[in-house]
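Trainee: What follows is the file protein_38.tsv, containing TSV, C-alpha atoms:
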```
chain	number	residue	atom	x	y	z
A	1	MET	CA	46.88	68.91	-17.08
A	2	GLN	CA	48.10	68.13	-20.53
A	3	GLY	CA	45.85	69.10	-23.38
A	4	ARG	CA	44.05	66.58	-25.56
A	5	PRO	CA	46.58	64.76	-27.76
A	6	ALA	CA	46.34	64.69	-31.53
A	7	GLN	CA	43.67	62.35	-32.87
A	8	PRO	CA	46.07	59.88	-34.57
A	9	ASN	CA	47.96	59.31	-31.30
A	10	ARG	CA	44.67	58.80	-29.45
A	11	LEU	CA	43.59	56.14	-31.91
A	12	LEU	CA	46.96	54.40	-31.82
A	13	GLY	CA	46.89	54.38	-28.02
A	14	VAL	CA	43.39	52.95	-27.84
A	15	THR	CA	44.21	50.35	-30.51
A	16	LEU	CA	47.30	49.19	-28.61
A	17	ILE	CA	45.56	49.00	-25.26
A	18	THR	CA	42.63	47.14	-26.79
A	19	ALA	CA	45.05	44.56	-28.19
A	20	LEU	CA	46.80	44.20	-24.84
A	21	LEU	CA	43.50	43.76	-23.02
A	22	THR	CA	42.31	41.17	-25.51
A	23	ALA	CA	45.48	39.13	-25.02
A	24	ALA	CA	45.36	39.43	-21.24
A	25	CYS	CA	41.73	38.36	-21.06
A	26	SER	CA	42.01	35.32	-23.34
A	27	THR	CA	42.26	32.85	-20.43
A	28	GLY	CA	39.25	30.56	-20.18
A	29	LEU	CA	37.00	30.84	-17.12
A	30	GLY	CA	35.73	28.00	-14.98
A	31	GLY	CA	32.00	27.30	-15.05
A	32	GLU	CA	29.18	27.49	-12.58
A	33	ARG	CA	25.54	28.12	-13.45
A	34	ALA	CA	24.96	31.82	-14.12
A	35	GLY	CA	23.81	33.97	-11.25
A	36	THR	CA	23.84	31.29	-8.55
A	37	PRO	CA	25.86	31.05	-5.34
A	38	VAL	CA	28.58	28.39	-5.43
A	39	SER	CA	30.42	26.21	-2.92
A	40	PRO	CA	34.04	25.19	-3.54
A	41	SER	CA	34.96	21.53	-3.66
A	42	PRO	CA	36.95	20.27	-0.65
A	43	SER	CA	40.18	20.45	-2.63
A	44	GLN	CA	39.51	24.10	-3.45
A	45	ALA	CA	37.98	25.13	-0.15
A	46	ASP	CA	38.38	28.67	1.05
A	47	PRO	CA	41.28	28.52	3.57
A	48	SER	CA	39.54	31.05	5.82
A	49	PRO	CA	35.87	30.87	4.84
A	50	TRP	CA	33.47	33.77	5.14
A	51	GLU	CA	30.54	33.35	7.48
A	52	LYS	CA	27.27	33.78	5.62
A	53	ALA	CA	24.11	35.32	7.01
A	54	ALA	CA	20.66	36.14	5.72
A	55	PRO	CA	20.48	39.77	4.55
A	56	SER	CA	17.73	40.47	7.09
A	57	ALA	CA	20.00	39.33	9.92
A	58	LEU	CA	22.53	41.94	8.76
A	59	GLY	CA	19.99	44.75	8.52
A	60	MET	CA	19.70	44.52	4.73
A	61	ASP	CA	16.76	44.20	2.36
A	62	ALA	CA	17.05	40.91	0.45
A	63	THR	CA	14.77	42.13	-2.36
A	64	LYS	CA	16.84	45.27	-2.87
A	65	LEU	CA	20.03	43.21	-2.89
A	66	ALA	CA	18.56	40.85	-5.49
A	67	GLY	CA	17.67	43.86	-7.64
A	68	ILE	CA	21.20	45.22	-7.39
A	69	ALA	CA	22.59	41.80	-8.31
A	70	ALA	CA	20.30	41.69	-11.34
A	71	GLN	CA	21.64	45.09	-12.36
A	72	ALA	CA	25.19	43.74	-11.96
A	73	ASP	CA	24.29	40.82	-14.24
A	74	THR	CA	22.85	43.14	-16.88
A	75	GLY	CA	25.90	45.37	-16.44
A	76	LYS	CA	28.30	42.72	-17.77
A	77	SER	CA	29.57	41.64	-14.36
A	78	ASP	CA	31.28	38.33	-13.65
A	79	CYS	CA	30.71	38.46	-9.91
A	80	LEU	CA	29.27	40.56	-7.12
A	81	ALA	CA	29.89	40.12	-3.39
A	82	VAL	CA	28.30	42.09	-0.56
A	83	ALA	CA	29.48	41.82	3.06
A	84	ARG	CA	28.30	43.60	6.19
A	85	HIS	CA	29.79	43.38	9.68
A	86	GLY	CA	32.27	40.86	8.31
A	87	GLU	CA	29.65	38.40	7.04
A	88	LEU	CA	28.52	37.70	3.49
A	89	ALA	CA	25.03	38.95	2.80
A	90	GLY	CA	25.16	37.85	-0.82
A	91	GLU	CA	27.46	36.44	-3.49
A	92	TRP	CA	26.57	36.08	-7.17
A	93	TYR	CA	28.41	34.73	-10.22
A	94	PHE	CA	27.38	35.30	-13.81
A	95	GLY	CA	28.11	33.67	-17.13
A	96	ASN	CA	30.99	31.20	-16.80
A	97	ALA	CA	32.57	32.83	-13.74
A	98	SER	CA	32.92	31.04	-10.42
A	99	GLN	CA	34.18	31.65	-6.92
A	100	ASN	CA	37.62	30.45	-8.07
A	101	THR	CA	37.85	32.65	-11.18
A	102	ALA	CA	40.83	35.00	-11.00
A	103	GLN	CA	40.84	37.85	-13.49
A	104	PRO	CA	42.64	41.16	-14.11
A	105	ILE	CA	41.62	43.97	-11.78
A	106	TRP	CA	43.57	46.60	-13.73
A	107	SER	CA	43.99	49.91	-11.88
A	108	ALA	CA	42.42	48.59	-8.69
A	109	THR	CA	45.99	47.29	-8.33
A	110	LYS	CA	46.96	50.83	-7.32
A	111	SER	CA	45.04	50.51	-4.05
A	112	PHE	CA	46.97	47.32	-3.25
A	113	THR	CA	50.16	49.28	-3.96
A	114	SER	CA	49.03	51.89	-1.44
A	115	VAL	CA	48.63	49.20	1.23
A	116	LEU	CA	52.10	47.82	0.48
A	117	VAL	CA	53.58	51.29	0.97
A	118	GLY	CA	51.70	51.54	4.27
A	119	ILE	CA	53.12	48.20	5.46
A	120	ALA	CA	56.63	49.33	4.53
A	121	GLN	CA	56.10	52.58	6.44
A	122	ASP	CA	54.86	50.63	9.46
A	123	ASP	CA	58.07	48.59	9.26
A	124	GLY	CA	60.06	51.82	9.49
A	125	VAL	CA	61.91	51.32	6.20
A	126	LEU	CA	60.33	54.39	4.58
A	127	SER	CA	58.05	57.34	5.26
A	128	VAL	CA	55.54	58.79	2.86
A	129	ASP	CA	57.23	62.14	3.48
A	130	ASP	CA	60.59	60.84	2.24
A	131	PRO	CA	61.80	62.01	-1.16
A	132	ALA	CA	61.49	59.15	-3.63
A	133	ALA	CA	65.02	60.03	-4.76
A	134	LYS	CA	66.26	58.38	-1.57
A	135	TRP	CA	65.74	55.11	-3.49
A	136	ILE	CA	65.75	56.39	-7.08
A	137	ASP	CA	69.32	57.47	-7.78
A	138	GLU	CA	68.47	58.89	-11.21
A	139	TRP	CA	66.36	61.61	-9.58
A	140	LYS	CA	69.01	62.88	-7.19
A	141	GLY	CA	70.13	66.40	-7.99
A	142	THR	CA	67.34	66.88	-10.56
A	143	PRO	CA	63.95	68.61	-10.30
A	144	SER	CA	62.53	65.20	-9.36
A	145	ASP	CA	64.55	65.33	-6.13
A	146	ALA	CA	61.57	67.18	-4.61
A	147	VAL	CA	59.04	64.41	-5.37
A	148	THR	CA	57.96	62.60	-2.21
A	149	ILE	CA	56.38	59.19	-1.85
A	150	ARG	CA	53.24	61.05	-0.74
A	151	ASP	CA	53.23	62.88	-4.11
A	152	LEU	CA	53.39	59.57	-5.98
A	153	LEU	CA	50.55	58.15	-3.89
A	154	SER	CA	48.46	61.29	-4.42
A	155	ASN	CA	49.05	61.55	-8.19
A	156	ASP	CA	50.25	65.14	-7.84
A	157	SER	CA	53.94	64.34	-8.37
A	158	GLY	CA	54.26	66.50	-11.48
A	159	ARG	CA	56.01	63.67	-13.31
A	160	GLU	CA	55.69	63.66	-17.11
A	161	TRP	CA	52.24	62.67	-18.37
A	162	SER	CA	50.53	62.43	-21.73
A	163	PHE	CA	48.07	59.92	-23.10
A	164	GLN	CA	50.68	58.60	-25.52
A	165	THR	CA	53.36	58.29	-22.82
A	166	ASP	CA	51.12	56.67	-20.23
A	167	TYR	CA	49.06	54.35	-22.43
A	168	ARG	CA	51.30	53.63	-25.40
A	169	ARG	CA	54.98	54.02	-24.55
A	170	LEU	CA	54.71	52.71	-20.97
A	171	ASN	CA	52.83	49.58	-22.06
A	172	ARG	CA	55.28	49.01	-24.91
A	173	ALA	CA	58.33	49.22	-22.61
A	174	GLN	CA	60.06	45.96	-21.70
A	175	ASP	CA	61.24	47.46	-18.39
A	176	ARG	CA	58.34	49.62	-17.26
A	177	THR	CA	60.06	50.79	-14.08
A	178	GLU	CA	63.14	51.96	-15.96
A	179	PHE	CA	60.93	53.74	-18.50
A	180	ALA	CA	58.87	55.44	-15.79
A	181	VAL	CA	61.91	56.51	-13.79
A	182	GLY	CA	63.49	57.98	-16.93
A	183	LEU	CA	60.63	60.33	-17.77
A	184	LYS	CA	60.99	64.05	-17.16
A	185	GLN	CA	59.73	66.19	-14.32
A	186	GLN	CA	56.97	68.13	-16.07
A	187	HIS	CA	55.61	70.23	-13.18
A	188	LYS	CA	56.55	71.18	-9.66
A	189	PRO	CA	55.21	68.55	-7.22
A	190	GLY	CA	51.84	69.42	-5.71
A	191	THR	CA	50.76	71.79	-8.47
A	192	VAL	CA	49.05	69.50	-11.04
A	193	TRP	CA	46.90	66.38	-10.57
A	194	ALA	CA	47.19	63.67	-13.22
A	195	TYR	CA	46.15	60.03	-13.22
A	196	ASN	CA	49.73	58.99	-13.88
A	197	ASN	CA	50.40	55.28	-14.34
A	198	ALA	CA	54.10	55.76	-14.96
A	199	ALA	CA	54.55	57.76	-11.76
A	200	VAL	CA	52.85	54.99	-9.76
A	201	GLN	CA	55.13	52.39	-11.37
A	202	THR	CA	58.18	54.15	-9.90
A	203	LEU	CA	56.97	52.93	-6.49
A	204	GLN	CA	58.22	49.50	-7.56
A	205	ARG	CA	61.78	50.81	-7.30
A	206	VAL	CA	61.04	52.55	-4.00
A	207	LEU	CA	59.51	49.45	-2.39
A	208	ARG	CA	62.14	47.07	-3.73
A	209	GLU	CA	65.02	49.18	-2.47
A	210	ALA	CA	63.40	50.10	0.84
A	211	THR	CA	62.30	46.56	1.76
A	212	GLY	CA	65.18	44.70	0.13
A	213	LYS	CA	62.69	42.29	-1.41
A	214	ASP	CA	61.07	41.63	-4.74
A	215	VAL	CA	57.77	43.50	-4.52
A	216	ALA	CA	55.65	40.53	-5.59
A	217	ARG	CA	57.27	38.43	-2.86
A	218	PHE	CA	56.71	41.23	-0.34
A	219	ALA	CA	53.04	41.38	-1.34
A	220	GLU	CA	52.65	37.62	-1.02
A	221	GLU	CA	54.32	37.44	2.39
A	222	ARG	CA	52.84	40.53	4.00
A	223	LEU	CA	49.41	40.92	2.37
A	224	PHE	CA	48.06	38.09	0.24
A	225	ARG	CA	49.06	35.15	2.45
A	226	PRO	CA	48.02	36.70	5.79
A	227	LEU	CA	44.58	37.53	4.33
A	228	GLY	CA	44.15	34.08	2.79
A	229	MET	CA	44.14	35.56	-0.73
A	230	THR	CA	45.20	32.27	-2.28
A	231	ARG	CA	44.07	33.13	-5.80
A	232	THR	CA	45.61	36.60	-5.97
A	233	ALA	CA	48.94	37.36	-7.60
A	234	MET	CA	50.93	40.29	-8.93
A	235	THR	CA	52.16	40.06	-12.50
A	236	ALA	CA	55.47	41.33	-13.81
A	237	ASP	CA	56.64	43.18	-16.88
A	238	ARG	CA	59.06	41.51	-19.30
A	239	ALA	CA	62.01	42.64	-17.16
A	240	GLY	CA	60.57	40.95	-14.08
A	241	ASN	CA	59.36	44.08	-12.28
A	242	ALA	CA	56.11	43.83	-10.33
A	243	GLN	CA	53.49	46.03	-11.94
A	244	MET	CA	52.26	48.63	-9.48
A	245	PHE	CA	49.73	50.55	-11.58
A	246	MET	CA	47.90	47.49	-12.91
A	247	GLY	CA	48.52	43.77	-13.21
A	248	ILE	CA	47.06	42.04	-10.16
A	249	ARG	CA	44.75	39.13	-10.87
A	250	SER	CA	42.21	38.31	-8.18
A	251	THR	CA	38.78	36.92	-7.34
A	252	CYS	CA	35.66	38.47	-5.88
A	253	ARG	CA	36.23	36.83	-2.50
A	254	ASP	CA	39.92	37.73	-2.35
A	255	MET	CA	39.11	41.34	-3.18
A	256	ALA	CA	36.50	41.31	-0.41
A	257	ARG	CA	39.21	40.24	2.03
A	258	LEU	CA	41.22	43.37	1.26
A	259	GLY	CA	38.07	45.47	1.57
A	260	GLN	CA	37.20	43.94	4.95
A	261	MET	CA	40.74	44.49	6.19
A	262	MET	CA	40.53	48.16	5.24
A	263	LEU	CA	37.08	48.46	6.83
A	264	ASP	CA	38.51	47.00	10.03
A	265	ASN	CA	41.21	49.68	10.15
A	266	GLY	CA	43.96	47.49	8.77
A	267	LYS	CA	43.19	44.39	10.84
A	268	TRP	CA	42.28	40.91	9.59
A	269	ARG	CA	40.92	38.44	12.14
A	270	GLY	CA	42.89	39.86	15.01
A	271	ARG	CA	46.12	40.49	13.10
A	272	GLN	CA	47.17	44.02	12.23
A	273	ILE	CA	48.22	43.94	8.57
A	274	VAL	CA	48.67	47.68	8.07
A	275	SER	CA	48.31	50.34	10.74
A	276	ALA	CA	44.99	52.07	11.41
A	277	ALA	CA	46.88	55.36	11.13
A	278	TYR	CA	47.86	54.56	7.55
A	279	VAL	CA	44.33	53.47	6.60
A	280	LYS	CA	43.03	56.78	7.92
A	281	ALA	CA	45.69	58.79	6.08
A	282	ALA	CA	45.06	56.88	2.82
A	283	THR	CA	41.26	56.98	2.84
A	284	GLY	CA	39.98	59.31	5.55
A	285	GLN	CA	40.44	62.58	3.69
A	286	PRO	CA	41.78	63.87	0.35
A	287	SER	CA	45.54	63.66	0.17
A	288	THR	CA	45.75	66.64	-2.17
A	289	SER	CA	43.87	69.92	-2.45
A	290	LEU	CA	43.81	69.37	-6.22
A	291	ASN	CA	41.30	66.49	-6.07
A	292	ALA	CA	38.77	65.92	-3.29
A	293	ALA	CA	38.07	62.46	-4.75
A	294	TYR	CA	41.56	61.10	-4.12
A	295	GLY	CA	43.51	59.71	-1.18
A	296	TYR	CA	46.62	57.53	-1.37
A	297	LEU	CA	45.70	55.62	-4.56
A	298	TRP	CA	42.12	55.19	-3.29
A	299	TRP	CA	39.09	57.04	-4.70
A	300	LEU	CA	37.00	58.99	-2.19
A	301	ASN	CA	33.46	60.38	-2.04
A	302	ARG	CA	34.50	63.60	-0.32
A	303	PRO	CA	32.96	66.90	-1.51
A	304	GLY	CA	34.97	69.48	-3.39
A	305	VAL	CA	36.74	69.77	-6.72
A	306	VAL	CA	36.64	66.30	-8.27
A	307	ARG	CA	38.99	65.40	-11.09
A	308	GLY	CA	38.94	62.41	-13.36
A	309	PRO	CA	37.36	59.44	-11.53
A	310	ILE	CA	36.48	58.06	-14.95
A	311	ALA	CA	40.21	57.93	-15.72
A	312	ALA	CA	40.46	54.75	-13.66
A	313	THR	CA	37.66	52.91	-15.48
A	314	ASP	CA	37.56	54.25	-19.06
A	315	LEU	CA	40.51	54.83	-21.39
A	316	GLY	CA	38.64	57.75	-22.91
A	317	GLY	CA	38.49	59.37	-19.49
A	318	ALA	CA	42.26	59.15	-19.27
A	319	GLU	CA	42.63	61.52	-22.19
A	320	GLU	CA	40.76	64.44	-20.76
A	321	PRO	CA	39.74	63.93	-17.12
A	322	ALA	CA	36.58	65.84	-16.32
A	323	THR	CA	36.55	68.38	-13.51
A	324	SER	CA	33.44	69.02	-11.46
A	325	ARG	CA	32.44	70.22	-8.03
A	326	GLY	CA	30.55	67.91	-5.71
A	327	ARG	CA	31.13	64.22	-4.98
A	328	MET	CA	31.87	61.17	-7.09
A	329	VAL	CA	28.51	59.66	-6.16
A	330	PRO	CA	26.06	62.35	-5.01
A	331	GLY	CA	23.68	61.13	-2.35
A	332	ALA	CA	26.03	58.42	-1.09
A	333	PRO	CA	27.87	58.79	2.24
A	334	PRO	CA	30.96	61.02	2.11
A	335	GLN	CA	33.04	58.37	3.93
A	336	LEU	CA	32.59	55.90	1.06
A	337	TYR	CA	35.77	54.96	-0.82
A	338	TRP	CA	36.81	52.66	-3.67
A	339	ALA	CA	39.54	50.80	-5.45
A	340	LEU	CA	38.71	51.22	-9.14
A	341	GLY	CA	39.99	49.56	-12.30
A	342	LEU	CA	39.39	49.56	-16.05
A	343	GLY	CA	35.94	48.31	-16.97
A	344	ASN	CA	34.57	49.16	-13.50
A	345	GLN	CA	36.45	46.56	-11.46
A	346	LEU	CA	35.89	47.76	-7.90
A	347	ILE	CA	36.06	47.34	-4.17
A	348	GLN	CA	33.74	49.66	-2.25
A	349	ILE	CA	34.11	50.28	1.48
A	350	ASP	CA	31.69	52.20	3.67
A	351	PRO	CA	32.87	52.68	7.26
A	352	ALA	CA	29.49	54.12	8.31
A	353	SER	CA	27.37	51.09	7.36
A	354	LYS	CA	30.22	48.57	7.79
A	355	THR	CA	29.73	47.24	4.26
A	356	VAL	CA	32.09	45.96	1.58
A	357	VAL	CA	31.05	45.53	-2.05
A	358	VAL	CA	33.17	43.88	-4.75
A	359	ARG	CA	32.33	43.75	-8.43
A	360	LEU	CA	34.47	42.22	-11.18
A	361	GLY	CA	33.39	42.21	-14.79
A	362	LYS	CA	34.20	42.26	-18.45
A	363	THR	CA	37.20	44.34	-19.47
A	364	GLU	CA	35.97	47.17	-21.66
A	365	PRO	CA	38.51	49.82	-22.69
A	366	ARG	CA	35.57	52.16	-23.29
A	367	PRO	CA	32.66	50.90	-21.15
A	368	LYS	CA	29.25	51.36	-22.71
A	369	PRO	CA	25.89	51.09	-20.93
A	370	PRO	CA	24.65	48.99	-19.39
A	371	THR	CA	27.48	48.66	-16.92
A	372	PHE	CA	27.92	48.46	-13.16
A	373	GLY	CA	30.24	50.96	-11.49
A	374	ALA	CA	30.62	53.03	-8.36
A	375	ALA	CA	27.20	54.67	-8.62
A	376	GLU	CA	25.49	51.28	-8.88
A	377	ALA	CA	27.58	49.73	-6.10
A	378	ALA	CA	26.65	52.66	-3.84
A	379	LYS	CA	23.01	51.51	-3.99
A	380	VAL	CA	23.96	48.74	-1.57
A	381	VAL	CA	24.45	51.47	1.03
A	382	THR	CA	21.73	53.90	-0.03
A	383	GLU	CA	18.98	51.36	-0.79
A	384	ALA	CA	19.74	47.89	0.58
A	385	VAL	CA	20.96	48.84	4.07
A	386	VAL	CA	17.76	49.39	6.05
A	387	GLN	CA	18.92	49.34	9.68
```
Starting from the file, lay out its structure as structure tokens.

Mentor:
Amino acid sequence: MQGRPAQPNRLLGVTLITALLTAACSTGLGGERAGTPVSPSPSQADPSPWEKAAPSALGMDATKLAGIAAQADTGKSDCLAVARHGELAGEWYFGNASQNTAQPIWSATKSFTSVLVGIAQDDGVLSVDDPAAKWIDEWKGTPSDAVTIRDLLSNDSGREWSFQTDYRRLNRAQDRTEFAVGLKQQHKPGTVWAYNNAAVQTLQRVLREATGKDVARFAEERLFRPLGMTRTAMTADRAGNAQMFMGIRSTCRDMARLGQMMLDNGKWRGRQIVSAAYVKAATGQPSTSLNAAYGYLWWLNRPGVVRGPIAATDLGGAEEPATSRGRMVPGAPPQLYWALGLGNQLIQIDPASKTVVVRLGKTEPRPKPPTFGAAEAAKVVTEAVVQ
């Protein structure tokens, strides 16, 4: 990994990102009474509504769930949704948020990117074992010729990374794909793990060239629309490129749809969206020996050497990702996995208990307690699931 950058650059990077986040989050939110379930009006009805069931009917403790929801409220959440066996056990909205409130999910976008790559692989237009240079001409005949799509998904591509590059220069670039493609090859692929936003952005070029479609259109046609994610959209940089490392705006319910699809091995209400084989490859085991907590742009709870889970949720964690041995959330099931974004935006999936948890909340570049993240979401599985 790169060493800690000089203090002035760190402060400039944080200042820039804070300004960007403030601008992005300035949209007003619709209002429902804090902490209460809501029902959409007929004109805004869910096109494929979730069935609701009492927690007890789903083998869950209603009191424990209410306590977890209260913790989500205290932890600056806008919404919390809990589903088990495909039915909603609970749904809460806080402050001015409502069921129809779409907001930035930040780096949880990466997990959507992973699914899009899986769909493209299922279509036969690419393989994760292909060199990315097959679609990125600038890399042909250079050290980057050895970088595979799998390396980009696993964040062990060895592409250039520094805090200033990834959080200042990338965000300042008008064409973020061109900027990311033009960076240097810093390490041999498979030798260094780095939470590399720019490397993930290069998948925009790969997907566009492989599918022959604008990536946002591909996402709408093959993922959002089939799942009924009517309030979810990819955003673009100033050059019109879909943003692969961040940029999706979504709602609690729409995020839960993606989580349920992943839980059901890539299937949504009888339709296979992405293959079960890809879901297993992306989330069933670490994709790199360098980080037991990482699959294909999904965070895992597998035991081993864990690097930098805080990098996805805290800009400070991006500077100097911590390394430990164990699991992301000790005491929670090892099969648990997450999509994670800045400020603890998350989707949590547990194949063992058949649960999906979604939490969206305030965007904090440097989250401070109280907050609600992966450890708190895991309590749904470890405390609220009783049978």

Trainee: Using only C-alpha atoms - which residues lie no farther than 10 Å from the point (56.0, 71.3, -8.9) in the file's frame? Write them as a list in words.

Mentor: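 Protein and nucleic acid residues near the point are Pro143, Ser144, Ala146, Val147, Asp156, Ser157, Gly158, Arg159, Gln185, Gln186, His187, Lys188, Pro189, Gly190, Thr191 and Val192 of chain A.
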
Trainee: With distances taken over all atoms listed in the file, which of A:Glu91, A:Asp314, A:Val306, A:Gly67 is nearest to A:Lys52?

Mentor: A:Glu91

Trainee: Hey, what's within 12 Å of A:Lys267 if we count all atoms listed in the file and toss same-chain stuff fewer than 4 positions away? As a list in words, please?

Mentor: Gly86, Ile119, Leu223, Pro226, Leu227, Arg257, Leu258, Gly259, Gln260, Met261, Met262, Leu263, Arg271, Gln272, Ile273, Val274, Ser275, Ala276, Ala277, Tyr278 and Val279 of chain A

Trainee: Applying 7 Å and only C-alpha atoms, which residues near A:Tyr195 remain after dropping the ones on its own chain fewer than 2 positions away? List them as a VMD selection string.

Mentor: chain A and resid 155 193 197 311

Trainee: Here is a test: counting only C-alpha atoms, which residue of A:Val181, A:Ala53, A:Ala384, A:Leu116 is nearest to A:Glu221?

Mentor: A:Leu116

Trainee: Choose the residue, out of A:Asn100, A:Gln164, A:Thr313, A:Thr323, that has the smallest atom-to-atom separation from A:Thr363; count only C-alpha atoms.

Mentor: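 Of A:Asn100, A:Gln164, A:Thr313, A:Thr323, the one nearest A:Thr363, counting only C-alpha atoms, is A:Thr313.
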
Trainee: At a cut-off of 9 Å, can you tabulate as a tab-separated table every residue of stretch 154-195 of chain A near stretch 233-242 of chain A together with its closest atom pair and the distance in Å to one decimal, using all atoms listed in the file and ordering rows by chain then number?

Mentor:
```
residue	atom	partner	partner_atom	distance
A:Ala173	CA	A:Arg238	CA	8.4
A:Gln174	CA	A:Arg238	CA	5.2
A:Asp175	CA	A:Ala239	CA	5.0
A:Arg176	CA	A:Asp237	CA	6.7
A:Thr177	CA	A:Asn241	CA	7.0
```

Trainee: Using all atoms listed in the file, pick whichever of A:Met244, A:Val386, A:Ala72, A:Val115 has the shortest atom-to-atom distance to A:Leu360.

Mentor: A:Ala72

Trainee: Please indicate the distance in Å from atom CA of A:Asn301 to atom CA of A:Arg366, rounded to one decimal place.

Mentor: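 For atom CA of A:Asn301 relative to atom CA of A:Arg366, the distance reads 22.9 Å.
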
Trainee: Atom CA of A:Val385 and atom CA of A:Thr232 are how many Å apart?

Mentor: 29.3 Å

Trainee: Excluding A:Ala81 and its own-chain neighbours fewer than 6 positions away, which residues fall within 12 Å of it when counting only C-alpha atoms? Please give them as a PyMOL selection string.

Mentor: chain A and resi 35-38+50+52+65-66+68-69+72+87-94+98-99+251-257+259-260+346-348+355-360+377+380

Trainee: With a distance cut-off of 10 Å and all atoms listed in the file, select the neighbouring residues of A:Gly304, excluding the residue or stretch itself and same-chain residues fewer than 2 positions from it, and output the selection as a PyMOL selection string.

Mentor: chain A and resi 286+289-293+301-302+306-307+324-328

Trainee: Would you put the residues from that selection into a file with C-alpha atoms, as a compact mmCIF listing (two decimals), keeping the file's coordinate frame?

Mentor:
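Written out: part.txt:
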```txt
# COMPACT_ATOMS: atom_id res chain seq x y z
CA PRO A 286 41.78 63.87 0.35
CA SER A 289 43.87 69.92 -2.45
CA LEU A 290 43.81 69.37 -6.22
CA ASN A 291 41.30 66.49 -6.07
CA ALA A 292 38.77 65.92 -3.29
CA ALA A 293 38.07 62.46 -4.75
CA ASN A 301 33.46 60.38 -2.04
CA ARG A 302 34.50 63.60 -0.32
CA VAL A 306 36.64 66.30 -8.27
CA ARG A 307 38.99 65.40 -11.09
CA SER A 324 33.44 69.02 -11.46
CA ARG A 325 32.44 70.22 -8.03
CA GLY A 326 30.55 67.91 -5.71
CA ARG A 327 31.13 64.22 -4.98
CA MET A 328 31.87 61.17 -7.09
```

Trainee: Identify which of the residues A:Ser154, A:Ala133, A:Phe163, A:Thr382 lies closest to A:Arg205, counting all atoms listed in the file when measuring atom-to-atom distances.

Mentor: A:Ala133
